[in-house]
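S.K.: Once you've had a glance at the structure underneath, I'll fire off some questions.
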Amino acid sequence: MQLEIIWSQKQQKPNYMNYKTILASLTALVIAVTSSFAQDSHKSGPFQGAKANKGFVTHTTVNGKSTLTLSDDFVPPQTPDPHWQVVDSNGKTYLLDRLMTKEQKVKKSIVVPDYVRDIAKVQMWCAFAETNLGEAAFESPVK
């Protein structure tokens, strides 16, 4: 009978080593996931310009693709043909896609083509009047 009680008590003791291993693994996973998101996100300064002067843009890398996303407080310029345009660290400009869809909805994010080497500024460009409506600069060029 005494042997049965000792065996019963051993079964009820939790295995703390397993709990520690699981906790350490989960902690490492959370740190790895969080740091991978933080490394690939860059926020620009505010938009400054005559027509585009609210909000900012965020650069992220998703699945190896460079993506630009406008902030929720960005107000689209009320001009005939606003476009996304980026400027690289050498001053070369790349006219990208229209800001507005055919349904007159704002295209809040855009995938940057691979041929753009880096991004120093994001501009809102009026293709009709061929003028810069406003721009947001990054502290340092992003890739």
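In the structure tokens, chains take letters A, B, ... by order of appearance, with residues numbered from 1 within each chain and ligands from 1 in the order shown.
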Would you mind listing what lies within 6 Å of stretch 42-53 of chain A as a tab-separated table (two decimals) with C-alpha atoms, in the first residue's frame, with only C-alpha atoms counted and same-chain residues fewer than 6 positions away left out?

M.R.:
chain	number	residue	atom	x	y	z
A	59	HIS	CA	7.63	51.77	-46.02
A	77	PRO	CA	-5.17	66.19	-53.25
A	133	LEU	CA	1.61	68.48	-54.98
A	134	GLY	CA	3.53	67.56	-51.83
A	135	GLU	CA	6.21	65.22	-50.59
A	136	ALA	CA	7.20	63.22	-47.54
A	137	ALA	CA	10.88	62.46	-46.92
A	138	PHE	CA	12.45	59.58	-45.06

S.K.: If we count only C-alpha atoms, what is near A:Arg117 at a cut-off of 12 Å, once residues fewer than 5 positions away on the same chain are taken out, given as a ChimeraX atom specification?

M.R.: /A:66,86-94,112,141-143

S.K.: A:Val122, A:Val111, A:Val116, A:Leu99: which is nearest A:Phe56, counting only C-alpha atoms?

M.R.: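 That would be A:Val122, the residue with the smallest distance to A:Phe56.
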
S.K.: Write out as a list in words each polymer residue whose atoms come within 10 Å of A:Asp81, counting only C-alpha atoms; drop sequence neighbours fewer than 6 positions from it.

M.R.: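 Contacts, with the query itself left out: Arg98, Leu99, Met100, Met124, Trp125, Cys126, Ala127, Phe128, Ala129 and Glu130 of chain A.
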
S.K.: Can you tell me, as a PDB file with N, CA and C atoms, in the first residue's frame, which residues in stretch 31-95 of chain A count as alpha helix (DSSP H) by DSSP?

M.R.:
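As a result, selection-v9.pdb now contains:
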ATOM      1  N   ILE A  31       9.726  37.006 -29.784  1.00  0.00           N
ATOM      2  CA  ILE A  31      10.797  37.981 -30.023  1.00  0.00           C
ATOM      3  C   ILE A  31      11.205  37.961 -31.500  1.00  0.00           C
ATOM      4  N   ALA A  32      11.327  36.780 -32.083  1.00  0.00           N
ATOM      5  CA  ALA A  32      11.729  36.675 -33.492  1.00  0.00           C
ATOM      6  C   ALA A  32      10.697  37.302 -34.411  1.00  0.00           C
ATOM      7  N   VAL A  33       9.436  37.029 -34.176  1.00  0.00           N
ATOM      8  CA  VAL A  33       8.368  37.582 -35.020  1.00  0.00           C
ATOM      9  C   VAL A  33       8.301  39.095 -34.864  1.00  0.00           C
ATOM     10  N   THR A  34       8.368  39.582 -33.639  1.00  0.00           N
ATOM     11  CA  THR A  34       8.292  41.023 -33.392  1.00  0.00           C
ATOM     12  C   THR A  34       9.467  41.758 -34.023  1.00  0.00           C
ATOM     13  N   SER A  35      10.669  41.220 -33.889  1.00  0.00           N
ATOM     14  CA  SER A  35      11.836  41.905 -34.444  1.00  0.00           C
ATOM     15  C   SER A  35      11.824  41.889 -35.962  1.00  0.00           C
ATOM     16  N   SER A  36      11.264  40.856 -36.583  1.00  0.00           N
ATOM     17  CA  SER A  36      11.219  40.837 -38.044  1.00  0.00           C
ATOM     18  C   SER A  36      10.263  41.898 -38.571  1.00  0.00           C
ATOM     19  N   PHE A  37       9.185  42.180 -37.852  1.00  0.00           N
ATOM     20  CA  PHE A  37       8.285  43.248 -38.272  1.00  0.00           C
ATOM     21  C   PHE A  37       8.937  44.605 -38.053  1.00  0.00           C
ATOM     22  N   ALA A  38       9.594  44.787 -36.950  1.00  0.00           N
ATOM     23  CA  ALA A  38      10.174  46.090 -36.614  1.00  0.00           C
ATOM     24  C   ALA A  38      11.316  46.466 -37.551  1.00  0.00           C
ATOM     25  N   GLN A  39      12.071  45.494 -38.048  1.00  0.00           N
ATOM     26  CA  GLN A  39      13.211  45.793 -38.901  1.00  0.00           C
ATOM     27  C   GLN A  39      12.790  46.338 -40.259  1.00  0.00           C
TER      28      GLN A  39
END

S.K.: Atom CA of A:Asp72 and atom CA of A:Thr101 are how many Å apart?

M.R.: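 According to the coordinates, atom CA of A:Asp72 and atom CA of A:Thr101 are separated by 17.1 Å.
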